[in-house]
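Visitor: To be precise about what I am sending: the file is called my_file33.txt and holds compact mmCIF, C-alpha atoms and all ligand atoms.
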# COMPACT_ATOMS: atom_id res chain seq x y z
CA MET A 297 0.00 0.00 0.00
CA ALA A 298 2.72 2.39 1.01
CA VAL A 299 4.67 1.56 -2.14
CA SER A 300 1.71 2.13 -4.41
CA PHE A 301 0.89 5.38 -2.63
CA GLY A 302 4.48 6.50 -3.14
CA SER A 303 4.54 5.81 -6.85
CA THR A 304 1.08 7.32 -7.42
CA SER A 305 2.10 10.53 -5.75
CA HIS A 306 5.23 10.59 -7.92
CA VAL A 307 3.16 10.26 -11.08
CA VAL A 308 0.77 12.95 -9.87
CA LEU A 309 3.62 15.25 -9.00
CA THR A 310 5.30 14.74 -12.39
CA PHE A 311 1.99 15.32 -14.13
CA TYR A 312 1.46 18.46 -12.10
CA LEU A 313 4.92 19.81 -12.96
CA LEU A 314 4.54 18.99 -16.64
CA SER A 315 1.15 20.68 -16.77
CA THR A 316 2.44 23.79 -15.05
CA LEU A 317 5.11 23.90 -17.75
CA GLY A 318 2.36 23.65 -20.35
CA LEU A 319 3.41 20.11 -21.19
CA PHE A 320 1.63 16.82 -20.67
CA ALA A 321 3.70 13.70 -20.34
CA PRO A 322 2.90 12.20 -23.80
CA GLN A 323 3.93 15.45 -25.48
CA ALA A 324 7.12 15.60 -23.46
CA GLU A 325 8.06 12.17 -24.79
CA ALA A 326 7.34 13.19 -28.37
CA ALA A 327 9.31 16.45 -28.05
CA PRO A 328 12.49 16.77 -30.15
CA ARG A 329 15.65 15.77 -28.36
CA ALA A 330 17.42 18.49 -26.44
CA PHE A 331 20.52 20.11 -27.96
CA PHE A 332 23.47 21.51 -26.03
CA VAL A 333 26.23 23.64 -27.52
CA PHE A 334 29.68 24.46 -26.14
CA GLY A 335 32.55 26.38 -27.68
CA ASP A 336 33.66 29.62 -29.30
CA SER A 337 32.35 32.29 -31.70
CA LEU A 338 31.68 29.75 -34.43
CA VAL A 339 28.78 28.48 -32.31
CA ASP A 340 27.99 31.34 -29.86
CA SER A 341 24.35 32.34 -30.36
CA GLY A 342 24.52 35.45 -28.18
CA ASN A 343 25.86 34.69 -24.70
CA ASN A 344 28.47 37.41 -25.01
CA ASN A 345 25.73 40.02 -25.43
CA TYR A 346 25.00 39.51 -21.74
CA LEU A 347 28.63 40.05 -20.73
CA ALA A 348 30.82 43.12 -20.43
CA THR A 349 33.17 42.08 -23.23
CA THR A 350 34.24 43.41 -26.62
CA ALA A 351 33.97 39.95 -28.24
CA ARG A 352 30.46 40.52 -29.58
CA ALA A 353 28.48 40.49 -32.80
CA ASP A 354 25.79 42.85 -31.57
CA ALA A 355 25.71 45.54 -34.25
CA PRO A 356 24.60 45.54 -37.88
CA PRO A 357 25.37 44.27 -40.44
CA TYR A 358 25.58 41.08 -38.30
CA GLY A 359 22.18 39.44 -38.54
CA ILE A 360 21.28 41.18 -41.82
CA ASP A 361 19.79 37.91 -43.13
CA HIS A 362 18.55 36.56 -39.78
CA PRO A 363 14.77 36.07 -39.59
CA SER A 364 14.74 38.92 -37.02
CA HIS A 365 16.97 41.11 -39.28
CA ARG A 366 18.78 42.07 -36.10
CA ALA A 367 22.27 41.45 -34.73
CA THR A 368 21.65 38.62 -32.30
CA GLY A 369 25.21 37.91 -31.19
CA ARG A 370 25.70 35.21 -33.83
CA PHE A 371 28.89 35.72 -35.85
CA SER A 372 26.96 35.28 -39.09
CA ASN A 373 24.88 37.22 -41.56
CA GLY A 374 21.98 34.97 -40.57
CA LEU A 375 21.70 31.56 -38.93
CA ASN A 376 24.74 29.75 -37.59
CA ILE A 377 25.70 26.08 -37.47
CA PRO A 378 23.83 25.29 -34.20
CA ASP A 379 20.62 26.90 -35.57
CA LEU A 380 20.84 24.80 -38.70
CA ILE A 381 21.42 21.62 -36.69
CA SER A 382 18.39 22.50 -34.53
CA GLN A 383 16.32 22.75 -37.71
CA ARG A 384 17.50 19.31 -38.78
CA ILE A 385 16.50 17.70 -35.50
CA GLY A 386 13.10 19.39 -35.70
CA SER A 387 13.70 21.84 -32.89
CA GLU A 388 13.66 25.57 -32.28
CA PRO A 389 17.11 27.23 -32.03
CA THR A 390 18.58 26.72 -28.57
CA LEU A 391 18.73 29.90 -26.53
CA PRO A 392 21.95 31.30 -25.07
CA TYR A 393 22.28 30.06 -21.50
CA LEU A 394 22.50 33.66 -20.25
CA SER A 395 19.27 34.71 -21.98
CA PRO A 396 16.55 35.67 -19.49
CA GLU A 397 14.09 33.93 -21.84
CA LEU A 398 15.60 30.55 -21.02
CA THR A 399 13.01 29.45 -18.45
CA GLY A 400 10.17 26.95 -18.06
CA GLU A 401 9.57 24.61 -20.97
CA LYS A 402 12.17 26.40 -23.11
CA LEU A 403 14.78 24.83 -20.83
CA LEU A 404 13.79 21.42 -22.19
CA ARG A 405 15.05 22.31 -25.69
CA GLY A 406 18.58 22.50 -24.33
CA ALA A 407 20.88 25.49 -24.14
CA ASN A 408 23.83 27.12 -25.81
CA PHE A 409 26.80 27.77 -23.49
CA ALA A 410 29.27 28.95 -26.14
CA SER A 411 31.16 32.22 -25.79
CA ALA A 412 33.13 34.02 -28.48
CA GLY A 413 36.88 34.23 -27.86
CA VAL A 414 37.36 31.11 -25.74
CA GLY A 415 39.57 28.13 -26.39
CA ILE A 416 40.57 24.82 -24.92
CA LEU A 417 43.03 26.59 -22.63
CA ASN A 418 42.01 29.08 -19.96
CA ASP A 419 44.68 31.51 -21.17
CA THR A 420 43.27 31.60 -24.72
CA GLY A 421 41.50 34.88 -25.46
CA VAL A 422 43.16 36.69 -22.53
CA GLN A 423 42.58 39.90 -24.47
CA PHE A 424 38.84 39.44 -23.85
CA VAL A 425 37.72 39.81 -20.27
CA ASN A 426 34.56 38.24 -18.89
CA ILE A 427 34.05 35.60 -21.56
CA ILE A 428 32.77 32.17 -20.47
CA ARG A 429 35.81 29.91 -20.55
CA ALA A 430 35.38 26.19 -21.18
CA PRO A 431 35.40 25.03 -17.52
CA VAL A 432 32.75 27.64 -16.69
CA GLN A 433 30.62 26.56 -19.67
CA LEU A 434 30.63 23.11 -18.06
CA ASP A 435 29.83 24.56 -14.62
CA TYR A 436 26.85 26.31 -16.19
CA PHE A 437 25.75 23.02 -17.75
CA LYS A 438 25.77 21.49 -14.28
CA GLN A 439 23.75 24.45 -12.98
CA TYR A 440 21.33 24.01 -15.90
CA GLN A 441 20.76 20.40 -14.82
CA GLN A 442 20.06 21.54 -11.27
CA ARG A 443 17.47 23.98 -12.59
CA VAL A 444 15.68 21.31 -14.67
CA SER A 445 15.97 18.90 -11.79
CA ALA A 446 14.25 21.34 -9.45
CA LEU A 447 11.32 21.43 -11.89
CA LEU A 448 11.05 17.84 -13.07
CA GLY A 449 13.27 15.76 -10.86
CA PRO A 450 16.70 14.16 -11.30
CA GLU A 451 15.48 11.11 -13.25
CA TYR A 452 13.74 13.21 -15.90
CA THR A 453 16.81 15.44 -16.14
CA LYS A 454 19.17 12.50 -16.55
CA GLN A 455 17.03 11.11 -19.40
CA LEU A 456 16.84 14.51 -21.07
CA VAL A 457 20.64 14.87 -20.96
CA ASN A 458 21.48 11.26 -21.88
CA ASN A 459 19.17 11.44 -24.91
CA ALA A 460 20.37 14.87 -26.03
CA LEU A 461 22.62 15.87 -28.90
CA PHE A 462 25.77 17.88 -28.13
CA LEU A 463 28.05 20.05 -30.25
CA VAL A 464 31.52 21.18 -29.16
CA THR A 465 33.63 23.62 -31.21
CA LEU A 466 36.98 24.60 -29.69
CA GLY A 467 40.60 24.83 -30.76
CA GLY A 468 40.91 27.51 -33.45
CA ASN A 469 41.39 30.25 -30.87
CA ASP A 470 44.13 28.28 -29.12
CA PHE A 471 46.16 29.07 -32.23
CA VAL A 472 44.98 32.48 -33.43
CA ASN A 473 44.13 34.00 -30.03
CA ASN A 474 46.95 32.40 -28.09
CA TYR A 475 49.97 30.74 -29.72
CA TYR A 476 50.05 33.08 -32.74
CA LEU A 477 48.34 36.12 -31.19
CA VAL A 478 51.60 38.04 -30.88
CA PRO A 479 55.12 37.16 -31.97
CA LEU A 480 56.91 35.30 -29.17
CA SER A 481 53.68 34.67 -27.23
CA ALA A 482 54.09 33.00 -23.83
CA ARG A 483 52.84 29.65 -25.15
CA SER A 484 55.08 29.76 -28.22
CA ARG A 485 58.08 30.36 -25.98
CA GLN A 486 56.97 27.50 -23.74
CA TYR A 487 56.17 24.95 -26.48
CA LYS A 488 57.33 24.18 -29.99
CA LEU A 489 54.25 23.78 -32.21
CA GLN A 490 54.84 20.00 -32.37
CA ASP A 491 54.56 19.87 -28.56
CA TYR A 492 51.82 22.48 -28.18
CA VAL A 493 49.35 20.47 -30.26
CA PRO A 494 49.51 17.29 -28.11
CA PHE A 495 49.28 19.52 -25.03
CA ILE A 496 46.03 21.20 -26.12
CA ILE A 497 44.66 17.85 -27.32
CA SER A 498 45.25 16.37 -23.86
CA GLU A 499 43.50 19.35 -22.25
CA TYR A 500 40.63 18.98 -24.75
CA ARG A 501 40.33 15.32 -23.78
CA LYS A 502 39.74 16.34 -20.15
CA ILE A 503 36.98 18.77 -21.18
CA LEU A 504 35.24 16.08 -23.25
CA LEU A 505 35.51 13.51 -20.47
CA ARG A 506 33.97 15.95 -18.03
CA LEU A 507 31.12 16.48 -20.49
CA TYR A 508 30.67 12.70 -20.59
CA ASP A 509 30.66 12.60 -16.78
CA LEU A 510 27.94 15.26 -16.84
CA GLY A 511 25.78 12.91 -18.93
CA ALA A 512 26.57 13.63 -22.61
CA ARG A 513 26.25 10.53 -24.80
CA ARG A 514 26.15 11.90 -28.39
CA VAL A 515 28.69 14.64 -29.01
CA LEU A 516 29.64 16.19 -32.35
CA VAL A 517 33.19 17.57 -32.08
CA THR A 518 34.38 19.82 -34.89
CA GLY A 519 37.99 20.09 -35.99
CA THR A 520 39.49 23.46 -36.88
CA GLY A 521 39.01 24.85 -40.36
CA PRO A 522 41.93 25.78 -42.64
CA LEU A 523 43.22 28.40 -40.18
CA GLY A 524 45.77 29.86 -42.61
CA CYS A 525 43.19 30.52 -45.34
CA VAL A 526 40.70 32.77 -43.53
CA PRO A 527 40.45 36.33 -44.93
CA ALA A 528 42.05 37.79 -41.78
CA GLU A 529 45.20 35.71 -42.26
CA LEU A 530 45.31 36.28 -46.03
CA ALA A 531 45.10 40.04 -45.42
CA GLN A 532 47.87 40.09 -42.84
CA HIS A 533 50.32 37.44 -43.92
CA SER A 534 49.73 36.32 -47.50
CA ARG A 535 51.59 37.83 -50.48
CA ASN A 536 49.73 36.35 -53.42
CA GLY A 537 46.58 34.94 -51.88
CA GLU A 538 48.18 31.65 -50.89
CA CYS A 539 47.17 30.25 -47.50
CA VAL A 540 49.52 31.02 -44.61
CA ALA A 541 51.76 27.97 -44.29
CA GLU A 542 52.44 28.04 -40.54
CA LEU A 543 48.75 28.10 -39.57
CA GLN A 544 47.91 25.49 -42.18
CA TYR A 545 50.60 23.33 -40.66
CA ALA A 546 49.10 23.86 -37.19
CA ALA A 547 45.66 22.75 -38.44
CA SER A 548 47.24 19.77 -40.20
CA LEU A 549 48.74 18.66 -36.87
CA PHE A 550 45.65 19.39 -34.77
CA ASN A 551 42.92 17.68 -36.78
CA PRO A 552 44.37 14.16 -37.08
CA GLN A 553 45.40 14.19 -33.41
CA LEU A 554 41.86 15.25 -32.49
CA ASP A 555 40.53 12.32 -34.56
CA ASP A 556 42.84 9.89 -32.79
CA MET A 557 41.89 11.28 -29.38
CA LEU A 558 38.16 10.89 -30.13
CA THR A 559 38.69 7.34 -31.36
CA SER A 560 40.60 6.40 -28.22
CA LEU A 561 38.00 8.03 -25.97
CA ASN A 562 35.25 6.04 -27.69
CA GLN A 563 37.25 2.84 -27.27
CA GLU A 564 37.78 3.59 -23.60
CA LEU A 565 34.06 4.35 -23.10
CA GLY A 566 33.03 1.36 -25.20
CA SER A 567 30.57 3.43 -27.23
CA HIS A 568 30.38 5.89 -30.13
CA VAL A 569 29.91 8.91 -27.88
CA PHE A 570 32.15 11.34 -29.77
CA VAL A 571 31.74 12.00 -33.47
CA GLY A 572 34.50 13.88 -35.32
CA VAL A 573 33.34 16.54 -37.80
CA ASN A 574 35.96 17.26 -40.45
CA THR A 575 35.27 20.96 -40.96
CA ARG A 576 38.70 21.38 -42.50
CA GLN A 577 37.82 19.12 -45.43
CA MET A 578 34.46 20.85 -45.77
CA HIS A 579 36.17 24.27 -46.05
CA ASN A 580 38.85 22.85 -48.34
CA ASP A 581 36.09 21.83 -50.73
CA PHE A 582 34.81 25.41 -50.91
CA MET A 583 38.32 26.74 -51.43
CA SER A 584 39.42 24.33 -54.10
CA ASN A 585 36.26 24.76 -56.16
CA PRO A 586 34.13 27.68 -54.93
CA GLY A 587 31.97 27.73 -58.06
CA ALA A 588 30.76 24.17 -57.46
CA TYR A 589 29.10 25.43 -54.26
CA GLY A 590 27.70 28.63 -55.75
CA PHE A 591 30.42 30.90 -54.35
CA VAL A 592 32.19 33.60 -56.35
CA THR A 593 35.01 33.56 -53.77
CA ALA A 594 36.17 31.60 -50.74
CA LYS A 595 38.93 34.12 -49.97
CA ILE A 596 37.27 37.51 -49.66
CA ALA A 597 34.98 38.17 -46.70
CA CYS A 598 31.56 39.63 -47.46
CA CYS A 599 31.85 42.16 -44.61
CA GLY A 600 35.05 43.99 -43.71
CA GLN A 601 37.68 46.29 -45.15
CA GLY A 602 41.15 46.22 -46.64
CA PRO A 603 42.62 43.34 -48.66
CA TYR A 604 40.22 40.36 -48.74
CA ASN A 605 37.96 42.47 -46.47
CA GLY A 606 40.15 40.81 -43.87
CA ILE A 607 41.42 43.76 -41.82
CA GLY A 608 39.70 44.65 -38.55
CA LEU A 609 36.13 43.79 -37.64
CA CYS A 610 32.85 43.75 -39.50
CA THR A 611 31.12 46.96 -38.39
CA PRO A 612 28.39 49.33 -39.61
CA MET A 613 31.15 51.19 -41.52
CA SER A 614 32.45 48.11 -43.38
CA ASN A 615 31.93 47.08 -46.99
CA VAL A 616 29.09 44.57 -47.23
CA CYS A 617 28.53 42.41 -50.28
CA PRO A 618 25.04 42.64 -51.82
CA ASN A 619 24.53 38.84 -52.06
CA ARG A 620 25.77 36.98 -48.98
CA ASP A 621 25.01 33.60 -50.55
CA VAL A 622 27.90 33.87 -53.01
CA TYR A 623 30.56 34.34 -50.29
CA ALA A 624 31.95 31.44 -48.23
CA PHE A 625 33.13 33.88 -45.54
CA TRP A 626 30.79 36.36 -43.93
CA ASP A 627 33.49 38.20 -41.96
CA ALA A 628 37.24 37.80 -41.65
CA PHE A 629 36.94 34.59 -39.59
CA HIS A 630 33.40 33.18 -39.79
CA PRO A 631 31.44 31.37 -42.50
CA SER A 632 28.36 32.84 -44.18
CA GLU A 633 24.98 31.27 -43.47
CA LYS A 634 25.22 29.65 -46.90
CA ALA A 635 28.57 28.02 -46.05
CA SER A 636 27.16 26.91 -42.69
CA ARG A 637 24.23 25.28 -44.51
CA LEU A 638 26.63 23.31 -46.68
CA ILE A 639 28.62 22.28 -43.59
CA VAL A 640 25.45 21.09 -41.83
CA GLU A 641 24.48 19.21 -45.00
CA GLN A 642 27.72 17.24 -44.68
CA ILE A 643 27.19 16.78 -40.93
CA MET A 644 23.82 15.19 -41.76
CA SER A 645 24.79 12.98 -44.64
CA GLY A 646 28.54 13.14 -45.27
CA THR A 647 30.68 10.07 -45.81
CA THR A 648 33.20 8.88 -43.21
CA GLU A 649 35.75 11.25 -44.78
CA TYR A 650 33.67 14.07 -43.26
CA MET A 651 31.96 12.38 -40.30
CA LYS A 652 33.73 9.81 -38.12
CA PRO A 653 32.52 7.21 -37.29
CA MET A 654 29.13 8.19 -38.77
CA ASN A 655 26.95 11.04 -39.91
CA LEU A 656 24.10 12.65 -38.00
CA SER A 657 21.34 10.98 -40.07
CA THR A 658 22.77 7.62 -39.07
CA ILE A 659 22.98 8.70 -35.41
CA LEU A 660 19.38 9.91 -35.41
CA ALA A 661 18.22 6.65 -37.03
CA ILE A 662 20.12 4.47 -34.54
CA ASP A 663 18.97 6.48 -31.54
CA SER A 664 15.31 6.53 -32.56
CA ASN A 665 15.34 2.73 -32.87
CA GLN A 666 16.73 2.45 -29.36
CA LEU A 667 13.83 4.36 -27.84
C1 LIG B 701 41.16 26.34 -15.91
O1 LIG B 701 40.40 27.04 -14.94
C2 LIG B 701 39.60 26.20 -14.11
C3 LIG B 701 38.83 27.08 -13.17
O2 LIG B 701 37.93 27.87 -13.89
C4 LIG B 701 40.50 25.24 -13.34
O3 LIG B 701 39.69 24.38 -12.57
C5 LIG B 701 41.32 24.42 -14.31
O4 LIG B 701 42.22 23.61 -13.62
C6 LIG B 701 42.09 25.35 -15.24
N1 LIG B 701 42.75 24.53 -16.26
C7 LIG B 701 44.07 24.55 -16.44
C8 LIG B 701 44.61 23.62 -17.46
O5 LIG B 701 44.81 25.30 -15.84
C1 LIG B 702 25.15 9.27 -44.27
O1 LIG B 702 23.83 9.56 -44.31
C2 LIG B 702 23.07 9.11 -45.44
C3 LIG B 702 21.62 9.45 -45.22
O2 LIG B 702 21.38 10.79 -45.45
C4 LIG B 702 23.28 7.66 -45.68
O3 LIG B 702 22.57 7.24 -46.83
C5 LIG B 702 24.72 7.39 -45.86
O4 LIG B 702 24.95 6.03 -46.06
C6 LIG B 702 25.53 7.87 -44.68
N1 LIG B 702 26.92 7.73 -44.98
C7 LIG B 702 27.75 7.12 -44.19
C8 LIG B 702 29.13 6.94 -44.70
O5 LIG B 702 27.45 6.73 -43.08
Can you dump the structure from the file as structure tokens?
Ligand SMILES: *[C@@H]1O[C@H](CO)[C@@H](O)[C@H](O)[C@H]1NC(C)=O
Ligand SMILES: *[C@@H]1O[C@H](CO)[C@@H](O)[C@H](O)[C@H]1NC(C)=O
Guide:
Amino acid sequence: MAVSFGSTSHVVLTFYLLSTLGLFAPQAEAAPRAFFVFGDSLVDSGNNNYLATTARADAPPYGIDHPSHRATGRFSNGLNIPDLISQRIGSEPTLPYLSPELTGEKLLRGANFASAGVGILNDTGVQFVNIIRAPVQLDYFKQYQQRVSALLGPEYTKQLVNNALFLVTLGGNDFVNNYYLVPLSARSRQYKLQDYVPFIISEYRKILLRLYDLGARRVLVTGTGPLGCVPAELAQHSRNGECVAELQYAASLFNPQLDDMLTSLNQELGSHVFVGVNTRQMHNDFMSNPGAYGFVTAKIACCGQGPYNGIGLCTPMSNVCPNRDVYAFWDAFHPSEKASRLIVEQIMSGTTEYMKPMNLSTILAIDSNQL
């Protein structure tokens, strides 16, 4: 009797909480899986707008092609990679964790913890104060779980997190905003490049393991793009438009070591938790044959100034191209919405050259059969 009373009251309580959130249990089960995002400006959807920092995309022409036509904090002319992944999993875009709108049932969609300027290392992006460094993004994720738990209980929260999709994008800034930020940077005096890469990979491994410990079971991890070919680098260091060799070399060391690390983590965990996204190959495709993807250039940024529109930031005073869809780069560092769409296309259905060990369509199919 006591047992049955206990479980009935639990069901009633859960029902009560779900109805106060505007959700009934059957709908909660049918809801799209939650999506959690960690990383840097490539995936920040506006957290930095809530922080006293200069690393922000909060003025036009950022957002010129966004449905809101406003600068939302995304480093894009429109939607960014997380938005486009949300669309593919049938969900609304995840809100920035710091957004005051992230309450009630919106919490169940997941959250975006990314913050422009951060890297794997705490000392990456030192020039930006107040950004949310990787360990703090994870602390916030823990806090998020406590908030959901307070509403719906620990068991519901655990299921939500275990069944969720994750995206982590880190590493590019550990080169451009750390090792190569200034000549003779502290890290470049401490490590030769060949030793720096294994060091940041081992720190990255710790971050990913902590994410696993916090309940993540399906995690897309992007490599770095062709760092030496972005308009900012071409403008500063290239003579004839060729990619900057040193940064290309850095990316060529980082990406395969990241792949190996993810493979060994999966072996250790006995499951395909981490999925490597080869963004470098995706960008290389645009660069080697821009026309095949509808681009007139993969070297010149749409928004900016100076050679390749690669000097300084994209601001209201910058040149802006009339048709953003024909540029692979929106600003000196970040892809256009069109390029992000093509990247997400490969994330969904790319071969193992792009997605290791499998693409997102395969993951979604496997996971839906398990339910
Ligand atoms: C980074 O900072 C966090 C505290 O925010 C600390 O726990 C961690 O040990 C630091 N990582 C390294 C590699 O120093
Ligand atoms: C990727 O996804 C598509 C479905 O869109 C599937 O047909 C294809 O076989 C997958 N490729 C690999 C290599 O898993």
Visitor: Write out as a PyMOL selection string each polymer residue whose atoms come within 10 Å of stretch 529-531 of chain A, counting only C-alpha atoms; drop sequence neighbours fewer than 4 positions from it.
Guide: chain A and resi 472+523-525+535-540+543+595-596+601-608+628-629
Visitor: Of the residues A:Asp663, A:Asp379, A:Glu641, A:Glu451, which is the one nearest to ligand LIG 702 (chain B), using all atoms listed in the file?
Guide: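 Checking each of A:Asp663, A:Asp379, A:Glu641, A:Glu451 against ligand LIG 702 (chain B), counting all atoms listed in the file, the winner is A:Glu641.
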Visitor: For A:Asn474, which residue among A:Gln441, A:Thr453, A:Thr350, A:Gln423 is the nearest when counting all atoms listed in the file?
Guide: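 Result for the nearest residue to A:Asn474: A:Gln423.
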Visitor: Using all atoms listed in the file, tabulate the residues of chain A lying at most 10 Å from any atom of ligand LIG 702 (chain B), each with its closest atom pair and that distance in Å to one decimal, by chain and increasing residue number, as CSV.
Guide:
residue,atom,partner,partner_atom,distance
A:Glu641,CA,B:LIG702,O2,9.0
A:Gln642,CA,B:LIG702,C1,8.4
A:Ile643,CA,B:LIG702,C1,8.5
A:Met644,CA,B:LIG702,O1,6.2
A:Ser645,CA,B:LIG702,O1,3.6
A:Gly646,CA,B:LIG702,C1,5.2
A:Thr647,CA,B:LIG702,C8,3.7
A:Thr648,CA,B:LIG702,C8,4.7
A:Glu649,CA,B:LIG702,C8,7.9
A:Tyr650,CA,B:LIG702,C8,8.6
A:Met651,CA,B:LIG702,C8,7.5
A:Lys652,CA,B:LIG702,C8,8.5
A:Pro653,CA,B:LIG702,O5,7.7
A:Met654,CA,B:LIG702,O5,4.9
A:Asn655,CA,B:LIG702,C1,5.0
A:Leu656,CA,B:LIG702,O1,7.0
A:Ser657,CA,B:LIG702,O1,5.1
A:Thr658,CA,B:LIG702,O1,5.7
A:Ile659,CA,B:LIG702,O1,9.0
A:Leu660,CA,B:LIG702,O1,10.0
A:Ala661,CA,B:LIG702,C3,9.3
Visitor: For ligand LIG 701 (chain B), return the neighbouring residues as a ChimeraX atom specification (distance at most 9 Å; all atoms listed in the file).
Guide: /A:416-419,429-432,435,499
Visitor: Tell me which of A:Ser614, A:Ser498, A:Ser445, A:Gln455 sits closest to A:Met557, counting only C-alpha atoms.
Guide: A:Ser498
Visitor: Which residue gives the smallest distance to A:Leu507 among A:Ala446, A:Leu398, A:Leu461, A:Met613, with all atoms listed in the file counted?
Guide: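 For A:Leu507, the nearest of the given residues is A:Leu461.
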Visitor: For the atom pair atom CA of A:Ser567 and atom CA of A:Val517, what is the interatomic distance in Å to one decimal place?
Guide: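 Atom-to-atom, atom CA of A:Ser567 and atom CA of A:Val517 are spaced 15.2 Å apart.
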Visitor: In Å, how far is it from atom CA of A:Ser664 to atom CA of A:Asn459?
Guide: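 About the pair atom CA of A:Ser664 and atom CA of A:Asn459: they are 9.9 Å apart.
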Visitor: Quick one: distance from atom CA of A:Ala528 to atom CA of A:Val414 in Å, one decimal?
Guide: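 Atom-to-atom, atom CA of A:Ala528 to atom CA of A:Val414, that is 18.0 Å.
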